[in-house]
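For reference, model_30.txt is printed below; it contains compact mmCIF, C-alpha atoms.
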```txt
# COMPACT_ATOMS: atom_id res chain seq x y z
CA MET A 1 0.00 0.00 0.00
CA ASN A 2 1.10 3.57 -0.75
CA ALA A 3 0.78 5.87 2.30
CA THR A 4 0.68 9.61 1.74
CA SER A 5 -0.10 12.57 3.95
CA LEU A 6 -3.38 14.25 3.04
CA THR A 7 -5.40 17.29 4.18
CA VAL A 8 -8.92 17.39 2.83
CA GLU A 9 -12.35 18.87 3.48
CA GLY A 10 -15.54 16.89 3.11
CA TYR A 11 -18.97 16.10 4.48
CA THR A 12 -19.74 13.20 6.78
CA ASP A 13 -21.85 10.63 4.97
CA THR A 14 -22.80 8.42 7.91
CA PRO A 15 -22.95 8.95 11.68
CA PRO A 16 -19.55 8.26 13.30
CA GLU A 17 -19.43 4.87 14.98
CA PRO A 18 -17.14 3.32 17.60
CA GLY A 19 -14.21 1.43 16.11
CA THR A 20 -13.28 -2.19 16.60
CA THR A 21 -11.11 -1.33 19.62
CA PRO A 22 -11.94 0.92 22.60
CA GLY A 23 -11.13 4.59 22.16
CA THR A 24 -11.40 4.56 18.37
CA ALA A 25 -14.00 5.83 15.92
CA ARG A 26 -14.73 5.51 12.22
CA PHE A 27 -16.81 7.39 9.68
CA THR A 28 -17.20 7.93 5.94
CA LEU A 29 -16.24 11.25 4.37
CA ILE A 30 -17.39 12.61 1.00
CA HIS A 31 -14.95 14.96 -0.71
CA PHE A 32 -16.37 16.92 -3.64
CA PRO A 33 -14.04 18.20 -6.38
CA ALA A 34 -13.20 21.88 -6.63
CA THR A 35 -14.26 21.84 -10.30
CA PRO A 36 -17.24 19.49 -10.62
CA ASP A 37 -17.65 17.30 -13.66
CA ARG A 38 -20.33 18.76 -15.92
CA ALA A 39 -21.40 15.32 -17.07
CA ALA A 40 -21.91 14.07 -13.53
CA PRO A 41 -21.94 17.04 -11.13
CA GLU A 42 -23.20 14.89 -8.25
CA ALA A 43 -20.33 12.39 -8.52
CA PRO A 44 -17.85 12.81 -5.63
CA GLU A 45 -14.16 12.88 -6.26
CA ALA A 46 -13.42 10.61 -3.35
CA LEU A 47 -15.30 8.55 -0.81
CA LEU A 48 -12.92 8.07 2.11
CA GLU A 49 -13.23 5.57 4.91
CA CYS A 50 -11.81 7.43 7.91
CA SER A 51 -10.77 6.22 11.34
CA THR A 52 -8.91 7.63 14.33
CA THR A 53 -7.28 6.34 17.49
CA HIS A 54 -6.90 9.76 19.14
CA PRO A 55 -9.05 9.85 22.33
CA GLY A 56 -9.97 13.52 21.95
CA LEU A 57 -10.99 13.13 18.31
CA THR A 58 -12.94 9.98 19.15
CA HIS A 59 -14.94 11.84 21.81
CA LEU A 60 -15.62 14.73 19.42
CA LEU A 61 -16.79 12.42 16.64
CA LEU A 62 -19.07 10.28 18.79
CA SER A 63 -20.60 13.12 20.83
CA GLN A 64 -20.94 16.09 18.48
CA VAL A 65 -20.43 15.23 14.80
CA GLN A 66 -23.52 14.24 12.81
CA PRO A 67 -24.18 13.44 9.11
CA GLY A 68 -23.78 16.46 6.88
CA ASP A 69 -21.15 18.27 8.98
CA LEU A 70 -18.27 19.82 7.05
CA LEU A 71 -14.94 18.53 8.40
CA HIS A 72 -11.36 19.61 7.75
CA VAL A 73 -9.21 16.53 8.38
CA THR A 74 -5.53 15.74 8.16
CA GLY A 75 -4.07 12.25 8.21
CA THR A 76 -2.34 9.43 6.40
CA LEU A 77 -4.02 8.06 3.26
CA THR A 78 -3.56 4.46 2.19
CA ARG A 79 -5.00 3.05 -1.02
CA PRO A 80 -5.92 -0.59 -1.53
CA PRO A 81 -3.26 -2.47 -3.54
CA ASP A 82 -5.69 -3.87 -6.10
CA GLY A 83 -7.48 -0.55 -6.63
CA ASN A 84 -10.80 -1.98 -5.39
CA GLY A 85 -12.58 -0.64 -2.34
CA LEU A 86 -12.40 2.67 -0.55
CA ALA A 87 -9.25 4.55 0.31
CA ARG A 88 -8.55 4.64 4.03
CA LEU A 89 -7.59 7.80 5.92
CA GLN A 90 -6.07 7.55 9.40
CA VAL A 91 -7.14 10.88 10.89
CA GLU A 92 -4.60 12.72 13.05
CA ALA A 93 -6.22 16.18 13.19
CA LEU A 94 -9.82 17.26 12.73
CA GLU A 95 -11.74 20.54 12.71
CA VAL A 96 -15.49 21.05 12.32
CA ARG A 97 -15.92 23.86 9.75
CA ASP A 98 -19.72 23.84 9.48
CA VAL A 99 -22.56 22.08 11.30
CA ALA A 100 -25.53 20.58 9.50
CA LEU A 101 -29.00 21.49 10.64
CA PRO A 102 -30.44 18.83 12.98
CA VAL A 103 -32.93 16.59 11.23
CA LEU A 104 -35.95 15.72 13.35
CA ASP A 105 -37.85 13.76 10.72
CA PRO A 106 -39.88 11.63 10.82
CA LEU A 107 -40.99 13.53 13.94
CA ALA A 108 -42.31 17.06 13.70
CA VAL A 109 -44.02 19.25 16.30
CA GLU A 110 -46.70 21.60 14.97
CA CYS A 111 -48.99 24.20 16.54
CA SER A 112 -52.65 24.61 15.63
CA GLY A 113 -54.50 27.31 17.51
CA SER A 114 -54.66 26.27 21.14
CA TYR A 115 -53.16 22.84 20.50
CA VAL A 116 -49.75 21.29 19.89
CA TYR A 117 -49.50 17.98 18.06
CA VAL A 118 -46.71 15.61 17.08
CA VAL A 119 -46.53 14.23 13.54
CA ASP A 120 -44.71 10.90 13.41
CA ALA A 121 -44.28 9.17 10.05
CA THR A 122 -44.03 5.81 11.82
CA ASN A 123 -47.22 6.27 13.85
CA PRO A 124 -50.63 6.76 12.20
CA GLN A 125 -52.03 8.44 15.34
CA VAL A 126 -51.38 12.13 16.10
CA PRO A 127 -50.76 12.94 19.81
CA VAL A 128 -52.41 16.24 20.83
CA PHE A 129 -51.51 18.53 23.79
CA THR A 130 -52.39 21.98 25.00
CA HIS A 131 -49.75 24.72 24.92
CA ALA A 132 -49.29 24.18 28.66
CA GLY A 133 -48.40 20.53 27.98
CA LYS A 134 -51.64 18.93 29.15
CA TRP A 135 -52.44 15.67 27.38
CA ILE A 136 -55.60 15.89 25.26
CA GLY A 137 -55.71 12.67 23.24
CA GLN A 138 -54.96 11.27 19.80
CA ALA A 139 -56.38 12.21 16.40
CA ASP A 140 -56.48 10.25 13.15
CA THR A 141 -54.83 12.94 11.02
CA PRO A 142 -53.30 16.39 11.54
CA ASP A 143 -56.30 17.88 9.72
CA ALA A 144 -58.54 16.63 12.53
CA VAL A 145 -56.72 18.93 14.98
CA GLY A 146 -57.73 22.09 13.10
CA THR A 147 -56.06 24.92 11.26
CA PRO A 148 -53.80 27.52 12.88
CA HIS A 149 -56.34 30.32 12.32
CA GLN A 150 -59.41 28.40 13.35
CA ALA A 151 -58.80 25.45 15.65
CA PRO A 152 -61.97 23.86 16.98
CA PRO A 153 -61.69 21.10 19.57
CA PRO A 154 -59.81 18.24 17.85
CA ARG A 155 -61.71 15.18 16.71
CA LEU A 156 -60.04 12.61 18.93
CA THR A 157 -60.12 8.86 18.56
CA SER A 158 -58.57 8.17 21.98
CA THR A 159 -57.82 10.07 25.17
CA ALA A 160 -55.66 7.37 26.72
CA THR A 161 -51.95 7.94 27.07
CA PRO A 162 -50.17 6.08 24.26
CA ASN A 163 -48.29 2.93 25.18
CA PRO A 164 -45.00 2.64 23.29
CA ALA A 165 -45.23 -1.16 23.42
CA HIS A 166 -48.22 -1.02 21.07
CA GLN A 167 -46.64 1.40 18.61
CA HIS A 168 -43.99 1.07 16.00
CA PRO A 169 -40.88 2.40 17.75
CA ALA A 170 -39.48 5.54 16.21
CA PRO A 171 -35.97 5.08 14.81
CA ARG A 172 -33.17 6.24 17.05
CA ARG A 173 -31.46 9.39 15.84
CA ARG A 174 -28.60 11.52 16.96
CA MET A 175 -30.36 14.60 18.32
CA ARG A 176 -28.82 17.56 19.99
CA GLU A 177 -30.08 18.07 23.52
CA PRO A 178 -32.31 21.10 24.01
CA MET A 179 -31.01 23.66 26.47
CA LEU A 180 -32.68 26.23 28.68
CA THR A 181 -32.50 29.42 26.66
CA SER A 182 -32.94 33.10 27.38
CA PRO A 183 -36.50 34.33 27.73
CA SER A 184 -38.52 35.13 24.67
CA PRO A 185 -42.26 35.14 24.06
CA ARG A 186 -44.44 32.33 25.34
CA ASP A 187 -43.18 30.15 22.48
CA THR A 188 -40.12 29.48 24.67
CA PHE A 189 -42.24 27.41 27.05
CA HIS A 190 -44.06 25.65 24.20
CA GLY A 191 -40.77 24.85 22.51
CA ARG A 192 -39.32 23.49 25.76
CA ILE A 193 -42.21 21.05 26.08
CA ALA A 194 -42.12 20.12 22.40
CA ASP A 195 -38.37 19.37 22.48
CA VAL A 196 -38.64 17.12 25.54
CA VAL A 197 -41.77 15.31 24.31
CA THR A 198 -40.15 14.71 20.93
CA HIS A 199 -37.10 13.22 22.65
CA LEU A 200 -39.21 10.96 24.88
CA ILE A 201 -41.21 9.65 21.92
CA ALA A 202 -38.01 9.03 19.96
CA GLU A 203 -36.60 7.02 22.87
CA GLY A 204 -39.85 5.04 23.28
CA LEU A 205 -40.66 6.32 26.78
CA PRO A 206 -44.30 6.67 27.87
CA LEU A 207 -45.66 10.17 28.36
CA THR A 208 -47.05 9.21 31.77
CA ALA A 209 -44.67 7.97 34.46
CA PRO A 210 -45.38 4.47 35.73
CA THR A 211 -46.58 4.24 39.33
CA PRO A 212 -43.69 3.09 41.56
CA PRO A 213 -44.17 -0.10 43.59
CA SER A 214 -45.00 0.46 47.23
CA ALA A 215 -44.07 -1.73 50.18
CA ALA A 216 -47.43 -1.12 51.89
CA PRO A 217 -50.75 -1.29 50.05
CA HIS A 218 -52.50 2.03 49.60
CA GLU A 219 -55.84 2.65 51.19
CA PRO A 220 -58.71 3.28 48.79
CA GLY A 221 -58.48 6.77 47.36
CA THR A 222 -54.92 7.41 48.62
CA ALA A 223 -52.94 5.93 45.72
CA PRO A 224 -50.41 8.40 44.22
CA GLU A 225 -51.60 10.23 41.14
CA PRO A 226 -49.75 9.47 37.90
CA VAL A 227 -47.07 11.96 36.90
CA GLY A 228 -47.43 13.45 33.43
CA ARG A 229 -44.23 13.96 31.49
CA THR A 230 -45.72 16.60 29.20
CA THR A 231 -46.10 19.37 31.79
CA LEU A 232 -43.80 22.36 31.78
CA ALA A 233 -42.64 21.59 35.33
CA TRP A 234 -41.61 18.02 34.46
CA CYS A 235 -39.85 19.08 31.26
CA THR A 236 -38.00 21.82 33.16
CA ALA A 237 -36.85 19.37 35.85
CA ALA A 238 -35.65 16.87 33.24
CA LEU A 239 -33.71 19.57 31.38
CA MET A 240 -32.13 20.91 34.58
CA LEU A 241 -30.95 17.43 35.58
CA ALA A 242 -29.76 16.54 32.08
CA ASN A 243 -27.84 19.80 31.65
CA HIS A 244 -26.25 19.52 35.11
CA HIS A 245 -25.16 15.88 34.76
CA HIS A 246 -24.42 16.09 30.99
CA THR A 247 -26.64 13.13 30.19
CA PRO A 248 -29.52 12.54 27.74
CA ILE A 249 -32.95 13.61 28.91
CA HIS A 250 -34.45 10.13 29.04
CA GLN A 251 -31.83 9.01 31.59
CA GLN A 252 -33.10 11.64 34.03
CA ALA A 253 -36.77 10.67 33.62
CA PRO A 254 -36.97 8.62 36.88
CA SER A 255 -35.42 11.50 38.87
CA ALA A 256 -37.83 14.02 37.38
CA ASP A 257 -40.72 11.63 38.11
CA ALA A 258 -39.72 11.36 41.77
CA LEU A 259 -39.31 15.14 42.14
CA MET A 260 -42.73 15.92 40.66
CA ARG A 261 -44.39 13.13 42.63
CA GLU A 262 -42.92 14.17 45.98
CA ARG A 263 -42.56 17.96 45.78
CA GLY A 264 -44.50 19.15 42.74
CA VAL A 265 -43.65 22.30 40.85
CA ARG A 266 -42.25 23.99 43.97
CA GLY A 267 -39.63 21.25 44.09
CA LEU A 268 -37.89 23.00 41.19
CA ALA A 269 -36.65 25.68 43.61
CA GLU A 270 -35.22 23.00 45.92
CA LEU A 271 -33.65 21.23 42.94
CA HIS A 272 -32.11 24.50 41.74
CA SER A 273 -30.57 25.05 45.16
CA ASP A 274 -29.32 21.45 45.38
CA LEU A 275 -27.63 21.76 41.99
CA HIS A 276 -25.77 24.79 43.41
CA HIS A 277 -24.43 22.75 46.37
CA GLY A 278 -27.31 23.76 48.63
CA ALA A 279 -26.69 27.50 48.38
CA PRO A 280 -29.75 29.79 48.33
CA VAL A 281 -30.60 31.12 44.88
CA ASP A 282 -31.37 34.82 44.49
CA TYR A 283 -33.71 35.01 41.52
CA ASN A 284 -33.15 38.75 41.24
CA PHE A 285 -29.71 37.86 39.88
CA THR A 286 -30.30 34.30 38.58
CA ARG A 287 -32.85 33.54 35.90
CA CYS A 288 -35.66 31.31 37.10
CA PRO A 289 -35.53 27.98 35.23
CA TYR A 290 -39.33 27.67 35.24
CA CYS A 291 -40.64 31.08 34.15
CA SER A 292 -37.34 32.20 32.50
CA GLY A 293 -37.40 35.41 34.52
CA THR A 294 -40.89 36.64 33.58
CA ALA A 295 -42.05 36.46 37.26
CA ASP A 296 -45.49 35.15 36.20
CA ASP A 297 -46.75 31.59 36.27
CA PRO A 298 -45.96 30.40 32.71
CA THR A 299 -48.91 28.00 32.64
CA GLU A 300 -51.33 30.93 33.05
CA PRO A 301 -53.66 29.21 35.56
CA THR A 302 -57.07 30.58 36.38
CA CYS A 303 -58.20 31.87 39.77
CA GLU A 304 -60.40 28.81 40.13
CA GLU A 305 -57.46 26.47 39.63
CA LEU A 306 -55.35 28.34 42.19
CA ARG A 307 -58.32 28.80 44.56
CA CYS A 308 -57.85 32.55 44.78
CA PRO A 309 -60.14 34.43 47.21
CA PRO A 310 -63.46 35.39 45.61
CA GLU A 311 -62.69 39.09 45.87
CA ALA A 312 -59.43 38.59 43.94
CA GLU A 313 -61.29 37.43 40.84
CA PHE A 314 -62.58 40.98 40.28
CA ALA A 315 -59.22 42.64 40.95
CA ASP A 316 -56.42 42.96 38.45
CA HIS A 317 -53.88 40.67 40.10
CA TYR A 318 -51.08 38.48 38.82
CA HIS A 319 -50.42 34.79 39.36
CA LEU A 320 -46.78 34.71 40.38
CA CYS A 321 -44.33 31.99 39.45
CA PRO A 322 -44.40 29.29 42.16
CA VAL A 323 -40.65 28.71 41.87
CA CYS A 324 -39.18 32.21 42.17
CA ASP A 325 -42.27 33.74 43.90
CA GLY A 326 -42.46 36.51 41.32
CA ALA A 327 -38.87 37.71 41.67
CA GLN A 328 -37.97 40.35 39.07
CA TYR A 329 -34.90 39.13 37.20
CA ALA A 330 -32.94 42.35 36.58
CA PRO A 331 -29.33 41.88 37.74
CA GLU A 332 -28.11 45.28 36.54
CA TYR A 333 -30.90 47.18 38.26
CA HIS A 334 -30.66 45.22 41.53
CA ALA A 335 -26.85 45.45 41.55
CA GLU A 336 -26.98 49.24 41.29
CA GLU A 337 -29.67 49.38 43.94
CA ARG A 338 -27.63 47.27 46.36
CA LEU A 339 -24.47 49.28 45.75
CA THR A 340 -26.40 52.44 46.56
CA GLU A 341 -27.68 50.88 49.78
CA LEU A 342 -24.16 49.72 50.75
CA ASP A 343 -22.79 53.22 50.15
CA ARG A 344 -25.50 54.65 52.39
CA LEU A 345 -24.76 52.16 55.17
CA LEU A 346 -21.03 52.82 54.90
CA THR A 347 -21.58 56.57 55.07
CA ASP A 348 -23.82 56.22 58.11
CA THR A 349 -21.25 54.04 59.84
CA ILE A 350 -18.40 56.49 59.27
CA SER A 351 -20.38 59.59 60.21
CA THR A 352 -21.85 58.16 63.42
CA PRO A 353 -19.38 58.54 66.37
CA ARG A 354 -18.93 55.46 68.45
CA PRO A 355 -19.04 55.92 72.27
CA SER A 356 -15.99 55.05 74.29
CA ARG A 357 -15.94 52.36 76.92
CA LEU A 358 -16.59 54.99 79.56
CA GLY A 359 -19.70 56.17 77.80
CA LEU A 360 -18.09 59.44 76.64
CA PRO A 361 -17.86 60.47 72.99
CA ARG A 362 -14.53 59.72 71.39
CA ARG A 363 -12.25 62.71 70.89
CA ARG A 364 -11.56 63.37 67.22
```
Rewrite the coordinates I just gave you, this time as structure tokens.
Amino acid sequence: MNATSLTVEGYTDTPPEPGTTPGTARFTLIHFPATPDRAAPEAPEALLECSTTHPGLTHLLLSQVQPGDLLHVTGTLTRPPDGNGLARLQVEALEVRDVALPVLDPLAVECSGSYVYVVDATNPQVPVFTHAGKWIGQADTPDAVGTPHQAPPPRLTSTATPNPAHQHPAPRRRMREPMLTSPSPRDTFHGRIADVVTHLIAEGLPLTAPTPPSAAPHEPGTAPEPVGRTTLAWCTAALMLANHHHTPIHQQAPSADALMRERGVRGLAELHSDLHHGAPVDYNFTRCPYCSGTADDPTEPTCEELRCPPEAEFADHYHLCPVCDGAQYAPEYHAEERLTELDRLLTDTISTPRPSRLGLPRRR
């Protein structure tokens, strides 16, 4: 075999896979010519079978690179002696020049008026939710949900939570994990729910947490209520745990189930403090993970749901976020306010004479 040093740019054709030995990875790279052939403009100049034994490059390939990314690679090229088969490139250096847009097909999340529904090419049923993440049911087609401008109540065929064991499992895909982003309009909360629900469906997890086994039988009417995994509180808890531990969302599903079952939405404040080593969190300077700093309850509950006093229903009052208790996230404003207060306290301390031990004023 003839070995030559080569630096080339190309697009990943397949998802990188672990190699035959631990700490290695392999992938296929398509290199297009600088001057394409007019007779066959789609024909690539080279289809390279790449591999690497570098631990850092292996981690980068298996954790971040996806099909369609543009890579700039340098390595040693070996060609097969008989001229048949693909040329092999042992990669020694790699740089990601451009990232392909994540492909979510065959899953797609759409909005229609007051409803959010998931279109899955592998599932004939269409799951339907409210914008707050409440499970509504399943429809036969997306048209049965309604149009974005006029969305009547969807024509549902079932209101039971889907069981993944009775569905065709969605194919596993390399998906980038959604992150908690800066506040924007209410679509931020809808998008947070849609990203988590899409991930759960792709991983084949049920949208309602299974009831944990109990050592003692429950008395009639005291059994724990099922935990829904489509609520904004559950999705926020799963994202907080996944981002903190750097794991996929579905691996944190049992922890999020336990938190919502034991503490409810107010448990998010305790979780936020625990993730900061138990330190208290000042939401005037730290953005609330639930309401994203808006100070209002993002689910927009009614007075009847919150059991507000009857006289409050006629007053213009706000329903504050149950996690940050309506704290106004404005770090620059609060920092200036606190500095002004500290200056005042320091001035008062300096200007106030301290009495001596004998009770007489100190001589200046």
Residue contacts of region 250-262 of chain A (7 Å, all atoms listed in the file) excluding same-chain residues fewer than 4 positions away, as a VMD selection string
chain A and resid 200 209 227 234 237 to 238 241 to 242 267
Output C-alpha atoms of each residue in that selection to a file, as a PDB file, keeping the file's coordinate frame.
```pdb
ATOM      1  CA  LEU A 200     -39.210  10.960  24.880  1.00  0.00           C
ATOM      2  CA  ALA A 209     -44.670   7.970  34.460  1.00  0.00           C
ATOM      3  CA  VAL A 227     -47.070  11.960  36.900  1.00  0.00           C
ATOM      4  CA  TRP A 234     -41.610  18.020  34.460  1.00  0.00           C
ATOM      5  CA  ALA A 237     -36.850  19.370  35.850  1.00  0.00           C
ATOM      6  CA  ALA A 238     -35.650  16.870  33.240  1.00  0.00           C
ATOM      7  CA  LEU A 241     -30.950  17.430  35.580  1.00  0.00           C
ATOM      8  CA  ALA A 242     -29.760  16.540  32.080  1.00  0.00           C
ATOM      9  CA  GLY A 267     -39.630  21.250  44.090  1.00  0.00           C
TER      10      GLY A 267
END
```
Once you count only C-alpha atoms, which residues end up no further than 6 Å from (-46.2, 11.5, 33.8) in the file's frame, shown as a PDB file with C-alpha atoms, in the coordinates of the input?
```pdb
ATOM      1  CA  LEU A 207     -45.660  10.170  28.360  1.00  0.00           C
ATOM      2  CA  THR A 208     -47.050   9.210  31.770  1.00  0.00           C
ATOM      3  CA  ALA A 209     -44.670   7.970  34.460  1.00  0.00           C
ATOM      4  CA  PRO A 226     -49.750   9.470  37.900  1.00  0.00           C
ATOM      5  CA  VAL A 227     -47.070  11.960  36.900  1.00  0.00           C
ATOM      6  CA  GLY A 228     -47.430  13.450  33.430  1.00  0.00           C
ATOM      7  CA  ARG A 229     -44.230  13.960  31.490  1.00  0.00           C
TER       8      ARG A 229
END
```
Between CA of Asp195 (chain A) and CA of Asn243 (chain A), what is the distance in Å, rounded to a tenth?
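Result for CA of Asp195 (chain A) versus CA of Asn243 (chain A): 14.0 Å, one decimal.
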Give me the residues within 10 Å of Tyr11 (chain A) as a PyMOL selection string, counting all atoms listed in the file and dropping any in the same chain fewer than 2 places off.
chain A and resi 9+13-14+28-32+47+66-72+96-100
Neighbour residues at most 7 Å from (-12.9, 8.8, 7.0) (all atoms listed in the file) as a PyMOL selection string:
chain A and resi 26-29+48-51+88-89
Store the residues of this selection in a file with C-alpha atoms, as a CSV table (one decimal), in the coordinates of the input.
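Now in out.csv:
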```csv
chain,number,residue,atom,x,y,z
A,26,ARG,CA,-14.7,5.5,12.2
A,27,PHE,CA,-16.8,7.4,9.7
A,28,THR,CA,-17.2,7.9,5.9
A,29,LEU,CA,-16.2,11.2,4.4
A,48,LEU,CA,-12.9,8.1,2.1
A,49,GLU,CA,-13.2,5.6,4.9
A,50,CYS,CA,-11.8,7.4,7.9
A,51,SER,CA,-10.8,6.2,11.3
A,88,ARG,CA,-8.6,4.6,4.0
A,89,LEU,CA,-7.6,7.8,5.9
```
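Considering all atoms listed in the file, the residue among A:Asn284, A:Glu225, A:Leu61, A:Ile201 positioned nearest to Arg338 (chain A) is A:Asn284.
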In Å to one decimal, how far is CA of Ala202 (chain A) from CA of Pro142 (chain A)?
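A separation of 18.9 Å between them.
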What is the distance between CA of His272 (chain A) and CA of Thr230 (chain A), in Å to one decimal?
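It comes out at 20.1 Å.
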Pick from A:Pro289, A:Thr53, A:Leu345, A:His276, whichever lies nearest to Thr24 (chain A) using all atoms listed in the file
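For Thr24 (chain A), the nearest of the candidates is A:Thr53.
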Pick out the closest residue to Tyr117 (chain A) from this set: A:Ile193, A:Val65, A:Leu77, A:Leu57. Count only C-alpha atoms.
A:Ile193
